[in-house]
>>> print(open('final.txt').read())   # compact mmCIF, C-alpha atoms
# COMPACT_ATOMS: atom_id res chain seq x y z
CA GLY A 1 -5.58 6.43 4.55
CA VAL A 2 -6.87 3.93 7.08
CA TYR A 3 -10.42 3.81 5.63
CA LEU A 4 -8.88 2.94 2.28
CA ASP A 5 -6.69 0.22 3.79
CA ILE A 6 -9.64 -1.37 5.63
CA GLY A 7 -11.77 -1.21 2.49
CA ARG A 8 -9.14 -2.83 0.33
CA PHE A 9 -8.47 -5.51 2.95
CA ASN A 10 -12.15 -6.49 3.13
CA PHE A 11 -12.31 -6.42 -0.67
CA SER A 12 -9.46 -8.93 -0.82
CA VAL A 13 -11.20 -11.39 1.53
CA GLY A 14 -14.02 -11.66 -0.98
CA SER A 15 -17.03 -12.83 1.06
CA ASN A 16 -20.28 -10.92 0.53
CA ARG A 17 -20.15 -9.62 4.10
CA CYS A 18 -16.61 -8.32 3.61
CA LEU A 19 -17.51 -6.83 0.22
CA GLU A 20 -20.32 -4.86 1.89
CA LYS A 21 -17.83 -3.62 4.49
CA ALA A 22 -15.36 -2.75 1.73
CA LYS A 23 -18.00 -0.66 -0.04
CA TYR A 24 -18.76 1.25 3.17
CA TYR A 25 -15.10 2.04 3.95
CA LEU A 26 -14.16 2.92 0.37
CA GLU A 27 -17.10 5.31 0.11
CA LYS A 28 -15.99 6.90 3.40
CA ALA A 29 -12.45 7.28 2.04
CA ARG A 30 -13.74 8.87 -1.16
CA ASP A 31 -16.04 11.29 0.67
CA ILE A 32 -13.25 12.42 3.01
CA VAL A 33 -10.94 13.14 0.07
CA VAL A 34 -13.68 15.10 -1.72
CA VAL A 35 -14.55 17.17 1.36
CA SER A 36 -10.88 17.90 2.11
CA GLY A 37 -10.64 20.02 -1.03
CA ASP A 38 -6.98 19.06 -1.40
CA ARG A 39 -6.23 19.38 -5.09
CA GLU A 40 -3.46 16.80 -5.00
CA LEU A 41 -5.61 14.24 -3.19
CA GLN A 42 -8.45 14.75 -5.67
CA LEU A 43 -6.35 12.75 -8.12
CA THR A 44 -7.08 9.62 -6.08
CA VAL A 45 -10.88 9.97 -6.21
CA LYS A 46 -11.26 8.31 -9.61
CA SER A 47 -9.13 5.39 -8.50
CA ILE A 48 -11.22 4.89 -5.34
CA GLU A 49 -14.40 5.08 -7.41
CA GLY A 50 -12.90 2.44 -9.69
CA HIS A 51 -12.50 0.15 -6.66
CA ILE A 52 -16.13 0.84 -5.64
CA ALA A 53 -17.38 0.05 -9.15
CA ALA A 54 -15.36 -3.17 -9.12
CA LEU A 55 -16.81 -4.44 -5.85
CA GLU A 56 -20.35 -3.46 -6.90
CA GLU A 57 -19.80 -5.61 -9.97
CA ARG A 58 -18.53 -8.38 -7.71
CA LEU A 59 -21.56 -8.11 -5.39
CA SER A 60 -23.89 -8.38 -8.38
CA GLY A 61 -22.20 -11.62 -9.39
CA GLY A 62 -19.98 -10.24 -12.13
CA SER A 63 -16.24 -10.63 -12.60
CA LEU A 64 -13.57 -8.29 -11.31
CA PRO A 65 -12.52 -5.58 -13.80
CA LYS A 66 -8.86 -4.90 -14.43
CA LYS A 67 -9.30 -1.11 -14.55
CA THR A 68 -6.97 -0.29 -11.67
CA GLU A 69 -4.11 -2.17 -13.28
CA SER A 70 -4.75 -0.55 -16.67
CA ASP A 71 -4.92 2.89 -15.05
CA SER A 72 -1.50 2.31 -13.50
CA SER A 73 -0.07 1.16 -16.82
CA ASP A 74 -1.46 4.20 -18.63
CA GLN A 75 -0.11 6.54 -15.97
CA ARG A 76 3.29 4.82 -16.05
CA ALA A 77 3.50 5.24 -19.84
CA ARG A 78 2.56 8.91 -19.57
CA TYR A 79 5.17 9.52 -16.87
CA ASP A 80 7.90 7.75 -18.87
CA TYR A 81 7.09 9.90 -21.91
CA VAL A 82 7.19 13.20 -20.01
CA LEU A 83 10.35 12.09 -18.21
CA GLN A 84 12.04 11.48 -21.55
CA MET A 85 10.83 14.77 -23.04
CA ASN A 86 11.31 17.16 -20.08
CA GLY A 87 13.80 15.44 -17.81
CA GLU A 88 13.58 14.45 -14.15
CA ASN A 89 14.12 18.00 -12.81
CA ASP A 90 10.98 19.41 -14.42
CA VAL A 91 8.13 20.32 -12.04
CA GLY A 92 5.58 18.71 -14.37
CA THR A 93 7.58 15.49 -14.40
CA MET A 94 7.68 15.58 -10.60
CA GLN A 95 3.90 16.04 -10.37
CA LEU A 96 3.24 13.14 -12.74
CA GLY A 97 5.71 11.00 -10.82
CA VAL A 98 3.94 11.58 -7.51
CA HIS A 99 0.59 10.96 -9.18
CA LEU A 100 1.93 7.71 -10.64
CA ALA A 101 3.13 6.68 -7.17
CA SER A 102 -0.33 7.34 -5.73
CA ARG A 103 -1.93 5.21 -8.47
CA LEU A 104 0.57 2.43 -7.90
CA SER A 105 -0.19 2.55 -4.18
CA LEU A 106 -3.92 2.24 -4.82
CA ALA A 107 -3.21 -0.76 -7.06
CA ASN A 108 -1.16 -2.31 -4.21
CA HIS A 109 2.17 -1.85 -6.03
CA THR A 110 3.73 -0.49 -2.85
CA ILE A 111 7.31 -1.49 -3.59
CA GLU A 112 7.36 0.12 -7.03
CA ALA A 113 5.67 3.24 -5.62
CA SER A 114 8.19 3.44 -2.78
CA ARG A 115 11.17 3.05 -5.09
CA LEU A 116 9.82 5.83 -7.30
CA LEU A 117 9.15 8.16 -4.36
CA ASP A 118 12.63 7.52 -2.95
CA ARG A 119 14.05 8.92 -6.18
CA LEU A 120 11.56 11.79 -6.48
CA VAL A 121 12.21 13.03 -2.93
CA ILE A 122 15.96 13.11 -3.51
CA ILE A 123 15.59 14.93 -6.85
CA SER A 124 13.08 17.46 -5.51
CA HIS A 125 15.22 18.28 -2.48
CA ARG A 126 18.23 18.82 -4.71
CA VAL A 127 16.49 20.82 -7.45
CA HIS A 128 13.55 22.57 -5.80
CA GLY A 129 14.48 22.68 -2.12
CA SER A 130 12.86 21.32 1.03
CA ASP A 131 10.15 24.01 1.18
CA HIS A 132 8.87 23.51 -2.36
CA LYS A 133 5.29 22.28 -2.71
CA GLU A 134 6.27 19.28 -4.83
CA THR A 135 8.98 18.27 -2.36
CA LYS A 136 6.49 18.32 0.51
CA ASN A 137 3.91 16.40 -1.52
CA ALA A 138 6.42 13.72 -2.49
CA GLU A 139 7.56 13.42 1.13
CA LEU A 140 3.94 13.10 2.31
CA TRP A 141 3.35 10.08 0.08
CA TRP A 142 6.79 8.69 0.86
CA GLN A 143 6.14 8.80 4.62
CA ARG A 144 2.71 7.23 4.20
CA LEU A 145 4.11 4.30 2.25
CA LYS A 146 6.75 3.63 4.90
CA LEU A 147 4.04 2.75 7.44
CA ARG A 148 3.02 -0.90 7.70
CA TYR A 149 -0.56 -1.63 8.75
CA VAL A 150 -2.10 -4.90 9.87
CA VAL A 151 -5.52 -6.02 11.02
CA TRP A 152 -5.72 -7.69 14.43
CA ILE A 153 -7.94 -10.67 13.73
CA GLY A 154 -11.10 -10.64 15.82
CA THR A 155 -11.03 -6.89 16.44
CA GLU A 156 -11.34 -5.61 12.84
CA GLU A 157 -9.13 -2.75 13.98
CA MET A 158 -6.11 -1.47 12.09
CA TYR A 159 -2.76 -1.22 13.86
CA GLN A 160 0.65 -0.05 12.81
CA ALA A 161 3.16 -2.89 12.77
CA LEU A 162 6.49 -1.80 14.25
CA ARG A 163 8.81 -4.80 14.31
CA TYR A 164 9.08 -8.53 14.88
CA GLU A 165 10.22 -10.23 18.06
CA ASN A 166 11.05 -13.80 19.09
CA ASP A 167 12.48 -14.70 15.72
CA GLY A 168 9.32 -13.56 13.95
CA LYS A 169 6.90 -15.45 16.17
CA SER A 170 5.56 -12.18 17.63
CA CYS A 171 4.87 -8.80 16.10
CA VAL A 172 4.85 -5.50 17.98
CA ILE A 173 1.86 -3.39 16.93
CA GLN A 174 0.63 0.04 17.99
CA GLY A 175 -2.87 1.45 17.93
CA PRO A 176 -5.61 1.14 17.14
CA VAL A 177 -5.10 3.72 14.42
CA PRO A 178 -7.84 6.40 14.03
CA ARG A 179 -10.11 5.56 11.14
CA ASN A 180 -10.56 9.16 10.05
CA VAL A 181 -7.55 9.88 7.85
CA HIS A 182 -7.66 13.58 8.77
CA GLU A 183 -7.78 12.91 12.50
CA PRO A 184 -4.29 13.23 14.00
CA ARG A 185 -3.04 10.21 15.87
CA ASN A 186 -3.08 10.68 19.62
CA PHE A 187 -0.11 8.57 20.60
CA ASP A 188 -0.95 8.98 24.29
CA ASP A 189 -4.19 7.03 23.69
CA GLU A 190 -2.59 4.33 21.58
CA LYS A 191 -1.15 1.22 23.13
CA THR A 192 1.67 -1.07 22.09
CA PHE A 193 1.13 -4.82 22.07
CA SER A 194 3.29 -7.80 21.29
CA VAL A 195 0.96 -10.32 19.67
CA PRO A 196 1.47 -13.71 18.01
CA THR A 197 2.18 -13.25 14.32
CA ALA A 198 -0.62 -15.71 13.59
CA VAL A 199 -3.32 -13.25 14.80
CA ILE A 200 -2.48 -10.43 12.39
CA CYS A 201 -3.41 -10.05 8.73
CA PHE A 202 -1.38 -8.02 6.28
CA SER A 203 -3.09 -5.10 4.61
CA LEU A 204 -3.12 -5.23 0.83
CA GLY A 205 0.02 -3.80 -0.70
CA SER A 206 2.17 -4.79 2.27
CA PRO A 207 5.78 -5.44 1.24
CA VAL A 208 6.68 -8.94 2.43
CA MET A 209 9.60 -11.35 2.25
CA LEU A 210 9.22 -15.07 1.59
CA HIS A 211 10.85 -17.41 4.08
CA GLY A 212 10.70 -20.99 5.29
CA LEU A 213 9.56 -22.40 1.95
CA LYS A 214 10.58 -26.00 1.35
CA LYS A 215 9.20 -26.96 -2.05
CA ALA A 216 10.16 -23.58 -3.51
CA ALA A 217 13.20 -22.88 -1.36
CA HIS A 218 14.79 -20.87 -4.20
CA LEU A 219 12.22 -18.15 -3.53
CA ASN A 220 13.20 -17.66 0.11
CA GLY A 221 14.45 -14.10 0.57
CA GLU A 222 12.49 -12.73 -2.40
CA ILE A 223 10.28 -9.72 -1.68
CA GLY A 224 6.97 -8.64 -3.16
CA ASP A 225 3.60 -7.00 -2.53
CA VAL A 226 0.53 -8.72 -1.11
CA ARG A 227 -2.01 -8.09 -3.89
CA GLU A 228 -4.85 -10.46 -2.98
CA PHE A 229 -6.04 -12.87 -0.34
CA CYS A 230 -7.19 -16.25 -1.65
CA GLN A 231 -9.95 -17.30 0.73
CA SER A 232 -10.34 -20.82 -0.69
CA THR A 233 -6.69 -21.73 -0.04
CA ASP A 234 -6.07 -19.35 2.90
CA ARG A 235 -3.03 -17.92 1.15
CA CYS A 236 -1.76 -14.49 0.19
CA VAL A 237 -1.14 -13.79 -3.48
CA VAL A 238 2.28 -12.12 -3.64
CA HIS A 239 3.62 -10.40 -6.74
CA LEU A 240 7.40 -10.65 -6.50
CA GLU A 241 9.69 -7.75 -7.39
CA GLY A 242 11.94 -9.84 -9.62
CA LYS A 243 10.92 -9.27 -13.25
CA ASP A 244 11.21 -12.95 -14.21
CA LEU A 245 9.28 -14.23 -11.18
CA LYS A 246 5.60 -15.12 -11.37
CA PRO A 247 3.03 -14.31 -8.63
CA VAL A 248 2.88 -16.95 -5.92
CA LYS A 249 0.30 -18.05 -3.34
CA VAL A 250 1.97 -18.24 0.04
CA LYS A 251 0.80 -19.20 3.51
CA HIS A 252 0.77 -16.43 6.10
CA GLU A 253 3.44 -18.14 8.19
CA ASN A 254 5.85 -18.06 5.24
CA LEU A 255 5.72 -14.28 4.94
CA ARG A 256 7.37 -11.49 6.92
CA ILE A 257 6.65 -7.78 6.67
CA VAL A 258 9.50 -5.81 5.12
CA PHE A 259 9.78 -2.70 7.26
CA ASP A 260 12.68 -1.06 5.40
CA LEU A 261 13.04 -1.46 1.66
CA VAL A 262 16.72 -1.65 0.75
CA ASP A 263 17.76 -0.37 -2.66
CA PRO A 264 18.67 -3.59 -4.54
CA LYS A 265 21.45 -1.74 -6.39
CA LYS A 266 23.06 -0.63 -3.13
CA GLU A 267 22.54 -4.06 -1.59
CA SER A 268 24.39 -5.78 -4.44
CA SER A 269 27.24 -3.26 -4.52
>>> encode(input="final.txt", output="structure tokens")
Amino acid sequence: GVYLDIGRFNFSVGSNRCLEKAKYYLEKARDIVVVSGDRELQLTVKSIEGHIAALEERLSGGSLPKKTESDSSDQRARYDYVLQMNGENDVGTMQLGVHLASRLSLANHTIEASRLLDRLVIISHRVHGSDHKETKNAELWWQRLKLRYVVWIGTEEMYQALRYENDGKSCVIQGPVPRNVHEPRNFDDEKTFSVPTAVICFSLGSPVMLHGLKKAAHLNGEIGDVREFCQSTDRCVVHLEGKDLKPVKVKHENLRIVFDLVDPKKESS
């Protein structure tokens, strides 16, 4: 939800003021999920609490735990095991797959989560039908991950990024987006703006493409997730999708939001 995105964004900036804001927004996100009573969403509470514990450690001067990453790895191993034992058509496999995708999303592995949900939605439609609970749950997460959010610098408001214009020099955004994740968006109240790309910040987990690099020109065209924001160098830390590629620190102007993730297998065929 939006509270979660704002919390994670402030967490990534790293200043004490932003960490305090991150704690506020993450606690709001957790409380909303708890009050909602949605059994499926309850699975995300522990992950949010892990983020809160991490930033509290950071505020007290400690180092950042790696719990979120380890949680994702554990969940991935569990899903792979059940997939091998029960097959992809099993309802239990589907539930674990969606849960894994939610964990990956919370850990800012948006591309991996999206690829997984693409497959799960297709399987669930084919095997269980469009009205099945697991199909609807997979589609809910899939639709959420297709949205691209940015922060308009100076406003601290979240907007949905729609597309680029003027050869990437401007970005069309819509909003501001309601901060209560259970409040429906009133599109009549939202406005669309075309703003300079330089005045927007990517939310953590945003899929981006590298471009315009000169010293590392071989990386132009590669895509990855924004996992951190390095305040000291004013660069985004991007984990690239290619298995043999290491994370890179990239200037904002050398990144473009990827609005539609193309299946690499289809793209190469």
>>> residues_around(input="final.txt", residues="Thr155 in chain A", least_positions_apart="2", cutoff="12 Å", atoms="only C-alpha atoms", output="PyMOL selection string")
chain A and resi 150-153+157-159+175-176+199-201
>>> write_last_selection(input="final.txt", atoms="C-alpha atoms", output="PDB file, keeping the file's coordinate frame")
ATOM      1  CA  VAL A 150      -2.100  -4.900   9.870  1.00  0.00           C
ATOM      2  CA  VAL A 151      -5.520  -6.020  11.020  1.00  0.00           C
ATOM      3  CA  TRP A 152      -5.720  -7.690  14.430  1.00  0.00           C
ATOM      4  CA  ILE A 153      -7.940 -10.670  13.730  1.00  0.00           C
ATOM      5  CA  GLU A 157      -9.130  -2.750  13.980  1.00  0.00           C
ATOM      6  CA  MET A 158      -6.110  -1.470  12.090  1.00  0.00           C
ATOM      7  CA  TYR A 159      -2.760  -1.220  13.860  1.00  0.00           C
ATOM      8  CA  GLY A 175      -2.870   1.450  17.930  1.00  0.00           C
ATOM      9  CA  PRO A 176      -5.610   1.140  17.140  1.00  0.00           C
ATOM     10  CA  VAL A 199      -3.320 -13.250  14.800  1.00  0.00           C
ATOM     11  CA  ILE A 200      -2.480 -10.430  12.390  1.00  0.00           C
ATOM     12  CA  CYS A 201      -3.410 -10.050   8.730  1.00  0.00           C
TER      13      CYS A 201
END
>>> residues_around(input="final.txt", residues="Tyr164 in chain A", least_positions_apart="4", cutoff="10 Å", atoms="all atoms listed in the file", output="list of chain:residue names")
A:Gly168, A:Lys169, A:Ser170, A:Cys171, A:Val172, A:Ile173, A:Ser194, A:Val195, A:Pro196, A:Thr197, A:Arg256, A:Ile257, A:Phe259
>>> write_last_selection(input="final.txt", atoms="C-alpha atoms", output="CSV table (one decimal), keeping the file's coordinate frame")
chain,number,residue,atom,x,y,z
A,168,GLY,CA,9.3,-13.6,14.0
A,169,LYS,CA,6.9,-15.4,16.2
A,170,SER,CA,5.6,-12.2,17.6
A,171,CYS,CA,4.9,-8.8,16.1
A,172,VAL,CA,4.8,-5.5,18.0
A,173,ILE,CA,1.9,-3.4,16.9
A,194,SER,CA,3.3,-7.8,21.3
A,195,VAL,CA,1.0,-10.3,19.7
A,196,PRO,CA,1.5,-13.7,18.0
A,197,THR,CA,2.2,-13.2,14.3
A,256,ARG,CA,7.4,-11.5,6.9
A,257,ILE,CA,6.6,-7.8,6.7
A,259,PHE,CA,9.8,-2.7,7.3
>>> atom_distance(input="final.txt", atom1="CA of Glu49 in chain A", atom2="CA of Arg235 in chain A")
27.0 Å
>>> residues_around(input="final.txt", residues="range 105-122 of chain A", least_positions_apart="3", cutoff="9 Å", atoms="all atoms listed in the file", output="tab-separated table (two decimals) with C-alpha atoms, in the frame of the given file")
chain	number	residue	atom	x	y	z
A	4	LEU	CA	-8.88	2.94	2.28
A	8	ARG	CA	-9.14	-2.83	0.33
A	44	THR	CA	-7.08	9.62	-6.08
A	47	SER	CA	-9.13	5.39	-8.50
A	48	ILE	CA	-11.22	4.89	-5.34
A	68	THR	CA	-6.97	-0.29	-11.67
A	69	GLU	CA	-4.11	-2.17	-13.28
A	71	ASP	CA	-4.92	2.89	-15.05
A	72	SER	CA	-1.50	2.31	-13.50
A	88	GLU	CA	13.58	14.45	-14.15
A	94	MET	CA	7.68	15.58	-10.60
A	97	GLY	CA	5.71	11.00	-10.82
A	98	VAL	CA	3.94	11.58	-7.51
A	100	LEU	CA	1.93	7.71	-10.64
A	101	ALA	CA	3.13	6.68	-7.17
A	102	SER	CA	-0.33	7.34	-5.73
A	125	HIS	CA	15.22	18.28	-2.48
A	126	ARG	CA	18.23	18.82	-4.71
A	127	VAL	CA	16.49	20.82	-7.45
A	134	GLU	CA	6.27	19.28	-4.83
A	135	THR	CA	8.98	18.27	-2.36
A	136	LYS	CA	6.49	18.32	0.51
A	138	ALA	CA	6.42	13.72	-2.49
A	139	GLU	CA	7.56	13.42	1.13
A	141	TRP	CA	3.35	10.08	0.08
A	142	TRP	CA	6.79	8.69	0.86
A	145	LEU	CA	4.11	4.30	2.25
A	146	LYS	CA	6.75	3.63	4.90
A	204	LEU	CA	-3.12	-5.23	0.83
A	205	GLY	CA	0.02	-3.80	-0.70
A	206	SER	CA	2.17	-4.79	2.27
A	207	PRO	CA	5.78	-5.44	1.24
A	223	ILE	CA	10.28	-9.72	-1.68
A	224	GLY	CA	6.97	-8.64	-3.16
A	225	ASP	CA	3.60	-7.00	-2.53
A	226	VAL	CA	0.53	-8.72	-1.11
A	227	ARG	CA	-2.01	-8.09	-3.89
A	239	HIS	CA	3.62	-10.40	-6.74
A	241	GLU	CA	9.69	-7.75	-7.39
A	261	LEU	CA	13.04	-1.46	1.66
A	263	ASP	CA	17.76	-0.37	-2.66
>>> atom_distance(input="final.txt", atom1="CA of Asp260 in chain A", atom2="CA of Gln95 in chain A")
24.9 Å
>>> closest_residue(input="final.txt", among="A:Glu57, A:Asp189, A:Glu228, A:Glu27", to="Val250 in chain A", atoms="all atoms listed in the file")
A:Glu228
>>> atom_distance(input="final.txt", atom1="CA of Ala216 in chain A", atom2="CA of Lys249 in chain A")
11.3 Å
>>> closest_residue(input="final.txt", among="A:Ser130, A:Gln174, A:Asn166, A:Asn186", to="Tyr149 in chain A", atoms="only C-alpha atoms")
A:Gln174
>>> residues_around(input="final.txt", residues="Pro247 in chain A", least_positions_apart="3", cutoff="7 Å", atoms="only C-alpha atoms", output="PyMOL selection string")
chain A and resi 237-240
>>> axis_aligned_box(input="final.txt", around="range 87-99 of chain A", padding_each_side="4 Å", output="JSON")
{"center_x": 7.4, "center_y": 15.6, "center_z": -12.7, "size_x": 21.5, "size_y": 17.4, "size_z": 18.3}
